[in-house]
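> Provided herewith: upload-v1.txt, compact mmCIF, C-alpha atoms.
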# COMPACT_ATOMS: atom_id res chain seq x y z
CA MET A 1 15.71 -13.27 41.85
CA ASN A 2 14.61 -11.74 38.52
CA ARG A 3 12.16 -13.80 36.56
CA ARG A 4 13.74 -15.25 33.44
CA GLN A 5 12.68 -13.47 30.27
CA ALA A 6 11.01 -15.93 27.93
CA PHE A 7 12.02 -14.39 24.60
CA ILE A 8 15.36 -12.65 24.10
CA ARG A 9 15.42 -10.70 20.85
CA ASN A 10 18.46 -10.74 18.63
CA TYR A 11 19.70 -7.16 18.14
CA GLU A 12 20.95 -8.04 14.64
CA ALA A 13 17.95 -10.13 13.62
CA TRP A 14 16.43 -7.46 11.40
CA GLY A 15 19.25 -7.76 8.87
CA HIS A 16 18.95 -11.56 8.79
CA LEU A 17 15.16 -11.41 8.47
CA GLU A 18 15.39 -8.97 5.58
CA VAL A 19 17.74 -11.39 3.82
CA PHE A 20 15.15 -14.10 4.51
CA LEU A 21 12.32 -12.06 2.96
CA ILE A 22 14.33 -10.81 -0.02
CA ALA A 23 15.46 -14.38 -0.75
CA ALA A 24 11.84 -15.56 -0.52
CA VAL A 25 10.62 -12.90 -2.98
CA ALA A 26 13.51 -13.65 -5.34
CA ALA A 27 12.73 -17.38 -5.20
CA VAL A 28 9.11 -16.78 -6.25
CA LEU A 29 10.17 -14.54 -9.14
CA VAL A 30 12.92 -16.84 -10.42
CA ILE A 31 10.75 -19.98 -10.21
CA ARG A 32 7.88 -18.38 -12.11
CA LEU A 33 10.26 -17.16 -14.82
CA PHE A 34 12.01 -20.54 -15.06
CA LEU A 35 8.73 -22.43 -15.38
CA GLU A 36 7.48 -20.01 -18.03
CA LEU A 37 10.66 -20.34 -20.10
CA THR A 38 10.80 -24.14 -19.84
CA GLY A 39 7.12 -24.82 -20.46
CA TYR A 40 6.29 -25.89 -16.90
CA PRO A 41 8.14 -29.23 -16.80
CA GLN A 42 7.23 -31.89 -14.26
CA LEU A 43 9.68 -34.01 -12.27
CA GLY A 44 8.56 -37.57 -11.90
CA GLY A 45 6.70 -39.96 -14.16
CA ALA A 46 4.38 -42.97 -14.06
CA GLY A 47 1.72 -40.93 -12.30
CA LEU A 48 4.16 -39.20 -9.95
CA HIS A 49 4.82 -35.46 -9.72
CA ILE A 50 7.52 -34.09 -7.42
CA ALA A 51 6.22 -30.61 -6.60
CA HIS A 52 8.83 -27.92 -6.00
CA MET A 53 7.12 -27.22 -2.67
CA LEU A 54 8.98 -30.30 -1.40
CA TRP A 55 12.31 -28.66 -2.28
CA GLY A 56 11.19 -25.61 -0.35
CA GLY A 57 10.48 -27.74 2.70
CA LEU A 58 13.90 -29.36 2.34
CA LEU A 59 15.63 -25.96 2.24
CA MET A 60 13.69 -24.73 5.28
CA ALA A 61 14.57 -27.91 7.17
CA ALA A 62 18.23 -27.40 6.23
CA ALA A 63 18.09 -23.85 7.63
CA ILE A 64 16.59 -25.05 10.91
CA ILE A 65 19.20 -27.81 11.23
CA MET A 66 21.97 -25.27 10.59
CA LEU A 67 20.67 -22.93 13.31
CA LEU A 68 20.23 -25.74 15.83
CA SER A 69 23.56 -27.42 15.08
CA PHE A 70 26.07 -24.58 14.75
CA LEU A 71 26.97 -21.24 16.32
CA GLY A 72 28.24 -18.02 14.80
CA LYS A 73 27.07 -15.13 12.65
CA THR A 74 28.20 -16.89 9.46
CA ILE A 75 25.68 -19.67 10.12
CA ASP A 76 22.99 -17.04 10.81
CA ARG A 77 23.61 -15.49 7.40
CA TRP A 78 23.55 -18.80 5.51
CA ALA A 79 20.47 -20.00 7.40
CA SER A 80 18.65 -16.73 6.60
CA LEU A 81 19.41 -17.12 2.90
CA THR A 82 18.64 -20.86 2.78
CA GLY A 83 15.44 -20.53 4.79
CA GLY A 84 14.26 -17.58 2.71
CA LEU A 85 14.80 -19.44 -0.55
CA GLY A 86 12.99 -22.45 0.88
CA PHE A 87 10.06 -20.36 2.06
CA GLY A 88 9.74 -18.71 -1.36
CA VAL A 89 9.82 -22.07 -3.14
CA PHE A 90 7.22 -23.38 -0.69
CA ILE A 91 4.77 -20.46 -0.80
CA ASP A 92 4.93 -20.29 -4.61
CA GLU A 93 2.63 -23.34 -4.78
CA ILE A 94 -0.04 -21.90 -2.51
CA GLY A 95 -2.55 -22.00 -5.39
CA LYS A 96 -2.51 -25.79 -5.34
CA PHE A 97 -3.54 -25.95 -1.70
CA VAL A 98 -6.38 -23.44 -1.62
CA THR A 99 -8.25 -24.82 -4.64
CA ALA A 100 -10.23 -28.04 -4.99
CA ASP A 101 -8.56 -28.90 -8.31
CA ASN A 102 -4.96 -28.11 -7.19
CA ASP A 103 -4.73 -25.17 -9.61
CA TYR A 104 -1.18 -23.75 -9.60
CA PHE A 105 -2.38 -21.00 -11.98
CA PHE A 106 -5.14 -19.86 -9.59
CA THR A 107 -5.27 -16.11 -10.33
CA PRO A 108 -5.60 -14.83 -6.72
CA ALA A 109 -2.57 -16.94 -5.68
CA ILE A 110 -0.22 -14.02 -6.27
CA SER A 111 -2.44 -11.93 -3.98
CA LEU A 112 -2.22 -14.57 -1.26
CA ILE A 113 1.56 -14.65 -1.61
CA TYR A 114 1.52 -10.86 -1.24
CA VAL A 115 -0.56 -11.06 1.93
CA VAL A 116 1.84 -13.63 3.42
CA PHE A 117 4.89 -11.48 2.67
CA VAL A 118 3.27 -8.32 4.04
CA LEU A 119 2.07 -10.00 7.23
CA THR A 120 5.51 -11.54 7.76
CA PHE A 121 7.20 -8.17 7.25
CA LEU A 122 4.78 -6.43 9.64
CA ALA A 123 5.19 -9.15 12.29
CA VAL A 124 8.98 -8.83 12.13
CA HIS A 125 8.75 -5.04 12.34
CA ILE A 126 6.46 -5.21 15.38
CA ILE A 127 8.71 -7.70 17.18
CA HIS A 128 11.86 -5.63 16.74
CA SER A 129 10.52 -2.09 17.01
CA ARG A 130 8.44 -2.19 20.21
CA PRO A 131 8.78 -2.40 23.11
CA ARG A 132 12.28 -1.14 23.73
CA TYR A 133 15.02 -3.67 24.36
CA SER A 134 15.49 -4.58 28.00
CA SER A 135 18.78 -4.53 29.91
CA THR A 136 18.80 -8.33 29.79
CA GLU A 137 18.41 -8.31 26.01
CA TYR A 138 21.28 -5.84 25.58
CA LEU A 139 23.47 -8.03 27.81
CA MET A 140 22.57 -11.23 25.95
CA ASN A 141 23.35 -9.58 22.63
CA ALA A 142 26.68 -8.38 23.97
CA LEU A 143 27.45 -11.95 25.03
CA HIS A 144 26.46 -13.11 21.54
CA LYS A 145 28.98 -10.71 20.03
CA MET A 146 31.68 -12.13 22.30
CA GLU A 147 31.77 -15.12 19.93
CA GLU A 148 34.15 -13.05 17.83
CA VAL A 149 36.56 -13.02 20.77
CA VAL A 150 36.55 -16.82 20.81
CA PHE A 151 37.12 -16.93 17.05
CA GLN A 152 39.85 -14.29 17.44
CA ASP A 153 38.06 -12.35 14.73
CA LEU A 154 37.04 -9.21 16.64
CA ASP A 155 37.51 -5.99 14.70
CA SER A 156 37.31 -2.39 15.87
CA ALA A 157 33.73 -1.89 14.64
CA GLU A 158 32.50 -5.00 16.50
CA ARG A 159 34.29 -3.83 19.64
CA ARG A 160 32.54 -0.46 19.47
CA GLN A 161 29.17 -2.14 18.90
CA THR A 162 29.64 -4.47 21.85
CA LEU A 163 30.72 -1.68 24.18
CA ALA A 164 27.68 0.36 23.06
CA LEU A 165 25.42 -2.55 23.99
CA LEU A 166 27.10 -2.93 27.38
CA ARG A 167 26.62 0.76 28.14
CA LYS A 168 22.86 0.20 27.80
CA CYS A 169 22.90 -2.62 30.37
CA SER A 170 22.31 -2.22 34.09
CA PRO A 171 25.66 -1.30 35.70
CA ALA A 172 24.60 -3.28 38.78
CA ASN A 173 25.08 -6.53 36.88
CA PRO A 174 28.66 -7.76 37.54
CA LEU A 175 28.84 -9.28 34.04
CA VAL A 176 28.78 -5.81 32.49
CA ALA A 177 32.05 -4.74 34.07
CA CYS A 178 33.68 -8.11 33.35
CA LEU A 179 32.70 -8.12 29.69
CA SER A 180 33.69 -4.49 29.22
CA ASP A 181 37.10 -5.20 30.69
CA LEU A 182 37.53 -8.39 28.64
CA ILE A 183 36.61 -6.87 25.32
CA GLY A 184 38.73 -3.83 26.06
CA ARG A 185 41.79 -6.05 26.54
CA THR A 186 41.07 -8.33 23.56
CA ASP A 187 43.42 -8.03 20.61
CA LEU A 188 41.70 -6.94 17.46
CA VAL A 189 41.82 -9.07 14.33
CA ASN A 190 45.10 -8.97 12.44
CA ASP A 191 44.27 -7.05 9.29
CA ARG A 192 47.03 -8.86 7.43
CA ARG A 193 44.92 -12.01 7.41
CA SER A 194 42.39 -10.27 5.15
CA LEU A 195 44.56 -7.66 3.49
CA LEU A 196 42.54 -7.51 0.27
CA GLY A 197 39.23 -7.20 2.11
CA THR A 198 40.66 -4.52 4.38
CA ARG A 199 41.98 -2.53 1.44
CA VAL A 200 38.66 -2.78 -0.38
CA ARG A 201 36.73 -1.61 2.70
CA SER A 202 39.21 1.19 3.33
CA LEU A 203 39.03 2.33 -0.29
CA SER A 204 35.23 2.24 -0.34
CA ARG A 205 35.06 4.26 2.90
CA HIS A 206 37.54 6.77 1.51
CA LEU A 207 35.60 7.16 -1.73
CA TYR A 208 32.29 7.52 0.07
CA ARG A 209 33.62 10.15 2.47
CA ARG A 210 35.14 12.14 -0.37
CA LEU A 211 31.86 11.95 -2.23
CA ALA A 212 29.84 12.83 0.86
CA ARG A 213 31.92 15.99 1.44
CA MET A 214 31.05 17.33 -2.01
CA PRO A 215 28.51 20.17 -1.91
CA GLN A 216 26.56 18.48 -4.72
CA PHE A 217 26.23 15.17 -2.82
CA PRO A 218 22.69 15.73 -1.45
CA ARG A 219 21.50 16.85 -4.87
CA MET A 220 23.05 13.77 -6.50
CA VAL A 221 21.31 11.46 -4.02
CA VAL A 222 17.99 13.23 -4.55
CA TRP A 223 18.27 12.97 -8.33
CA LEU A 224 19.20 9.28 -8.10
CA PHE A 225 16.15 8.31 -6.08
CA VAL A 226 13.79 10.68 -7.89
CA ALA A 227 14.94 9.23 -11.22
CA GLN A 228 14.47 5.70 -9.87
CA LEU A 229 10.97 6.62 -8.69
CA VAL A 230 10.02 8.25 -11.99
CA LEU A 231 11.20 5.24 -13.99
CA LYS A 232 9.28 2.92 -11.68
CA MET A 233 6.07 4.96 -11.97
CA MET A 234 6.45 5.10 -15.74
CA HIS A 235 6.94 1.35 -15.91
CA VAL A 236 3.94 0.66 -13.68
CA GLY A 237 1.83 3.15 -15.66
CA VAL A 238 2.73 1.51 -18.95
CA VAL A 239 2.07 -2.01 -17.62
CA VAL A 240 -1.23 -1.09 -15.96
CA PHE A 241 -2.70 1.30 -18.52
CA LEU A 242 -1.00 0.97 -21.90
CA VAL A 243 -0.12 -2.70 -22.45
CA GLY A 244 -2.32 -4.05 -25.21
CA ILE A 245 -3.58 -0.68 -26.42
CA GLY A 246 -2.40 -1.16 -30.02
CA TRP A 247 -1.31 1.46 -32.56
CA ASN A 248 -4.72 1.54 -34.22
CA THR A 249 -6.34 2.83 -31.04
CA ILE A 250 -3.70 5.54 -30.68
CA ALA A 251 -3.96 6.56 -34.36
CA SER A 252 -7.73 6.78 -34.22
CA GLY A 253 -7.63 9.07 -31.21
CA GLY A 254 -9.22 6.54 -28.90
CA LEU A 255 -6.55 6.81 -26.18
CA ALA A 256 -8.78 8.66 -23.71
CA GLY A 257 -11.58 6.12 -24.10
CA TRP A 258 -9.12 3.26 -23.69
CA LEU A 259 -7.73 4.74 -20.48
CA LEU A 260 -11.22 5.27 -19.02
CA GLY A 261 -12.07 1.68 -19.84
CA ARG A 262 -8.85 0.43 -18.27
CA ILE A 263 -9.56 2.38 -15.06
CA GLU A 264 -12.93 0.66 -14.78
CA ASP A 265 -11.36 -2.76 -15.41
CA LEU A 266 -8.37 -2.48 -13.07
CA SER A 267 -7.69 -5.71 -11.19
CA PHE A 268 -6.42 -6.20 -7.65
CA VAL A 269 -2.90 -6.65 -9.02
CA ASP A 270 -3.13 -3.37 -10.93
CA TYR A 271 -4.32 -1.48 -7.87
CA ALA A 272 -1.61 -3.14 -5.77
CA GLN A 273 1.11 -2.02 -8.20
CA LEU A 274 -0.19 1.54 -8.22
CA PHE A 275 -0.63 1.73 -4.44
CA SER A 276 2.76 0.22 -3.59
CA SER A 277 4.49 2.51 -6.13
CA LEU A 278 2.77 5.54 -4.59
CA LEU A 279 3.75 4.37 -1.09
CA SER A 280 7.34 4.00 -2.24
CA GLY A 281 7.13 7.51 -3.70
CA VAL A 282 5.91 8.91 -0.37
CA PHE A 283 9.02 7.57 1.37
CA VAL A 284 11.24 9.05 -1.37
CA LEU A 285 9.52 12.43 -0.96
CA ILE A 286 10.03 12.38 2.82
CA GLY A 287 13.70 11.48 2.28
CA VAL A 288 14.14 14.35 -0.18
CA LEU A 289 12.67 16.78 2.36
CA ARG A 290 14.91 15.48 5.16
CA ILE A 291 18.26 15.17 3.38
CA ARG A 292 19.36 18.75 4.12
CA ARG A 293 18.63 18.37 7.82
CA SER A 294 19.75 14.77 8.36
CA ARG A 295 21.32 12.48 5.80
CA THR A 296 20.79 9.48 8.08
CA ALA A 297 17.05 10.16 8.31
CA ALA A 298 16.87 10.67 4.54
CA PHE A 299 18.67 7.40 3.79
CA GLN A 300 16.35 5.60 6.19
CA MET A 301 13.37 6.85 4.16
CA PHE A 302 15.05 5.82 0.90
CA GLU A 303 15.66 2.41 2.45
CA GLN A 304 11.98 2.08 3.33
CA SER A 305 11.07 3.05 -0.23
CA LEU A 306 13.29 0.30 -1.64
CA LEU A 307 11.91 -2.28 0.79
CA VAL A 308 8.37 -1.45 -0.32
CA SER A 309 9.46 -1.89 -3.95
CA ILE A 310 11.15 -5.23 -3.25
CA PHE A 311 8.48 -6.75 -1.03
CA LEU A 312 5.38 -5.38 -2.75
CA THR A 313 5.77 -3.74 -6.16
CA GLU A 314 8.12 -6.34 -7.65
CA VAL A 315 5.85 -9.23 -6.67
CA PHE A 316 2.92 -7.68 -8.54
CA SER A 317 5.09 -6.49 -11.44
CA PHE A 318 6.15 -10.09 -11.93
CA TYR A 319 2.51 -11.08 -12.30
CA GLU A 320 2.32 -8.78 -15.34
CA GLN A 321 5.87 -8.71 -16.75
CA GLN A 322 8.11 -11.53 -15.53
CA PHE A 323 11.47 -10.69 -17.12
CA LEU A 324 11.22 -6.95 -16.44
CA ALA A 325 10.33 -7.72 -12.82
CA LEU A 326 13.60 -9.61 -12.42
CA ILE A 327 15.52 -6.63 -13.79
CA GLY A 328 13.66 -4.31 -11.44
CA LEU A 329 14.34 -6.60 -8.49
CA ALA A 330 18.08 -6.69 -9.25
CA LEU A 331 18.26 -2.89 -9.52
CA ASN A 332 16.32 -2.41 -6.28
CA ILE A 333 18.54 -4.84 -4.40
CA LEU A 334 21.64 -3.06 -5.74
CA LEU A 335 20.26 0.29 -4.60
CA LEU A 336 19.37 -1.22 -1.22
CA ILE A 337 22.96 -2.44 -0.75
CA ILE A 338 24.30 1.02 -1.61
CA THR A 339 21.81 2.70 0.71
CA ARG A 340 22.64 0.34 3.57
CA TYR A 341 26.33 1.07 3.10
CA ALA A 342 25.67 4.81 3.12
CA LEU A 343 23.63 4.45 6.33
CA ARG A 344 26.49 2.60 8.04
CA GLN A 345 28.99 5.25 6.96
CA GLU A 346 26.75 8.08 8.15
CA ALA A 347 26.25 6.32 11.50
CA ALA A 348 30.01 5.81 11.85
CA SER A 349 30.65 9.49 11.06
CA ALA A 350 28.04 10.57 13.60
CA SER A 351 29.53 8.38 16.34
CA ALA A 352 33.01 9.69 15.55
CA VAL A 353 31.79 13.27 15.96
CA VAL A 354 30.15 12.43 19.29
CA THR A 355 33.26 10.74 20.68
Before we go any further, please render this structure as structure tokens.

Amino acid sequence: MNRRQAFIRNYEAWGHLEVFLIAAVAAVLVIRLFLELTGYPQLGGAGLHIAHMLWGGLLMAAAIIMLLSFLGKTIDRWASLTGGLGFGVFIDEIGKFVTADNDYFFTPAISLIYVVFVLTFLAVHIIHSRPRYSSTEYLMNALHKMEEVVFQDLDSAERRQTLALLRKCSPANPLVACLSDLIGRTDLVNDRRSLLGTRVRSLSRHLYRRLARMPQFPRMVVWLFVAQLVLKMMHVGVVVFLVGIGWNTIASGGLAGWLLGRIEDLSFVDYAQLFSSLLSGVFVLIGVLRIRRSRTAAFQMFEQSLLVSIFLTEVFSFYEQQFLALIGLALNILLLIITRYALRQEAASASAVVT
């Protein structure tokens, strides 16, 4: 008898965990902006103060209860979002719990939040990148996808994904043949139940494929991400080096001296913004070099660039410029959604060519 595997990884967990982390970053940014605009109000009175960390704990508890109480991918999505928001609300008050005087405005707090986000991201990446998934894990994930059969909500894409997982399982396991036969005989979802959604998806696929067939498409993608990178570097450069310089310094020709002084006085946050922006730029450069050979590989690099911006650069940008950081976060998330969609379409086109 095979020994039972202690931890079975979820094949789709990476998407949920990214939602968790993005929601956590967004929660930190939105809370800091809200408190700044409202003058840091306090809930309570008569010597009481209800810290927003408690609301974060409540949201995380709600996410855990959802995951333990219900089944289905819809619950996974909502729990990822709820738990991420709760974690962001919770970790935002880290300054109070590492200082003797409960100082929320403790300057290195933003650095500690950064370390937590980075370590979480790296831990998730390590868990789901190595070692390779085992036959048992592929089979368990295929069984997990069979929930759509029970809900009578299985579509053609989910059928293909499930069959791909089953092909990676050990053929000696009798469940593999049974599940393959079952899912092959299962009726797909009736598209008439979601006619509008089907039409929107079909139209978006059609528009993307028409766009992707244009000879100028790779150049357009390159220009989009290069322009995004240039704007980001310009913004970071202005925030780090030029904020507070004053027109008198420029008029008197003291710009060079100012910049040398700023370089000597750069803080951890300044260095972090510069380093994360450069790291994001490296991924964009690799994507630009790969786009002619493999669009999928290029989009994967662009995706990594956007993730670096969301998880690192935006956190530090918020420390310097709160409102502009929110705008940057929204634009990066929009680009990430577009990039993810392009990756799915490229993967679907590649699988269609293979079959």
> Could you work out how far atom CA of A:Val284 lies from atom CA of A:Phe302, giving the answer in Å with one decimal?
5.5 Å
> Could you please determine the separation between atom CA of A:Leu306 and atom CA of A:Leu336 in Å, to one decimal place?
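Interatomic distance here is 6.3 Å.
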> Can you work out the spacing between atom CA of A:Ala79 and atom CA of A:Gly328 in Å, to one decimal?
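Taking atom CA of A:Ala79 and atom CA of A:Gly328, their separation equals 25.4 Å.
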> Would you kindly return, as a compact mmCIF listing (two decimals) with C-alpha atoms, in the frame of the given file, each protein, DNA or RNA residue with an atom no farther than 10 Å from any atom of stretch 113-123 of chain A, considering all atoms listed in the file and excluding same-chain residues fewer than 4 positions away?

# COMPACT_ATOMS: atom_id res chain seq x y z
CA LEU A 17 15.16 -11.41 8.47
CA GLU A 18 15.39 -8.97 5.58
CA LEU A 21 12.32 -12.06 2.96
CA ILE A 22 14.33 -10.81 -0.02
CA ALA A 24 11.84 -15.56 -0.52
CA VAL A 25 10.62 -12.90 -2.98
CA VAL A 28 9.11 -16.78 -6.25
CA GLY A 88 9.74 -18.71 -1.36
CA ILE A 91 4.77 -20.46 -0.80
CA ASP A 92 4.93 -20.29 -4.61
CA GLU A 93 2.63 -23.34 -4.78
CA ILE A 94 -0.04 -21.90 -2.51
CA GLY A 95 -2.55 -22.00 -5.39
CA PRO A 108 -5.60 -14.83 -6.72
CA ALA A 109 -2.57 -16.94 -5.68
CA ILE A 127 8.71 -7.70 17.18
CA HIS A 128 11.86 -5.63 16.74
CA VAL A 269 -2.90 -6.65 -9.02
CA ALA A 272 -1.61 -3.14 -5.77
CA LEU A 307 11.91 -2.28 0.79
CA VAL A 308 8.37 -1.45 -0.32
CA PHE A 311 8.48 -6.75 -1.03
CA LEU A 312 5.38 -5.38 -2.75
CA THR A 313 5.77 -3.74 -6.16
CA VAL A 315 5.85 -9.23 -6.67
CA PHE A 316 2.92 -7.68 -8.54
> Could you check which of A:Gly281, A:Pro215, A:Pro171, A:Gly72 is closest to A:Thr136, using all atoms listed in the file?
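Going through A:Gly281, A:Pro215, A:Pro171, A:Gly72 one by one, the smallest distance to A:Thr136 is for A:Pro171.
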> Taking (30.8, 4.4, 4.6) in the file's coordinates, which residues come within 7 Å, counting all atoms listed in the file, written as a VMD selection string?
chain A and resid 204 to 205 208 to 209 341 to 342 344 to 346
> Any idea what's packed within 8 Å of A:Ser80, counting only C-alpha atoms, ignoring anything in its chain fewer than 4 positions away? Could you give it as a compact mmCIF listing (two decimals) with C-alpha atoms, keeping the file's coordinate frame?

# COMPACT_ATOMS: atom_id res chain seq x y z
CA HIS A 16 18.95 -11.56 8.79
CA LEU A 17 15.16 -11.41 8.47
CA VAL A 19 17.74 -11.39 3.82
CA PHE A 20 15.15 -14.10 4.51
CA ALA A 63 18.09 -23.85 7.63
CA ASP A 76 22.99 -17.04 10.81
CA GLY A 84 14.26 -17.58 2.71
> Which residue gives the smallest distance to A:His52 among A:Ile31, A:Leu71, A:Ile126, A:Leu175, with only C-alpha atoms counted?
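Of all the options, A:Ile31 lies closest to A:His52.
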> Looking at A:Lys96, A:His125, A:Arg167, A:Lys73, which one is nearest to A:Leu112, with distances taken over only C-alpha atoms?
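Comparing A:Lys96, A:His125, A:Arg167, A:Lys73 against A:Leu112, the winner is A:Lys96.
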> Taking (6.9, 7.2, 2.0) in the file's coordinates, which residues come within 12 Å, counting only C-alpha atoms, written as a VMD selection string?
chain A and resid 229 275 to 290 298 to 309
> Considering all atoms listed in the file, state which residue in the set A:Val176, A:Arg159, A:Thr107, A:Val230 is at the smallest distance from A:Ser135.
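Closest to A:Ser135 of all the choices is A:Val176.
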> Measuring between only C-alpha atoms, which one of A:Val124, A:Ala297, A:Val89, A:Met233 shows the shortest distance to A:Leu29?
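Going through A:Val124, A:Ala297, A:Val89, A:Met233 one by one, the smallest distance to A:Leu29 is for A:Val89.
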> Enclose all atoms of stretch 103-107 of chain A listed in the file in an axis-aligned box, grow every side by 4 Å, and hand back centre and edge lengths in Å to one decimal, as JSON.

{"center_x": -3.2, "center_y": -20.6, "center_z": -10.8, "size_x": 12.1, "size_y": 17.1, "size_z": 10.4}
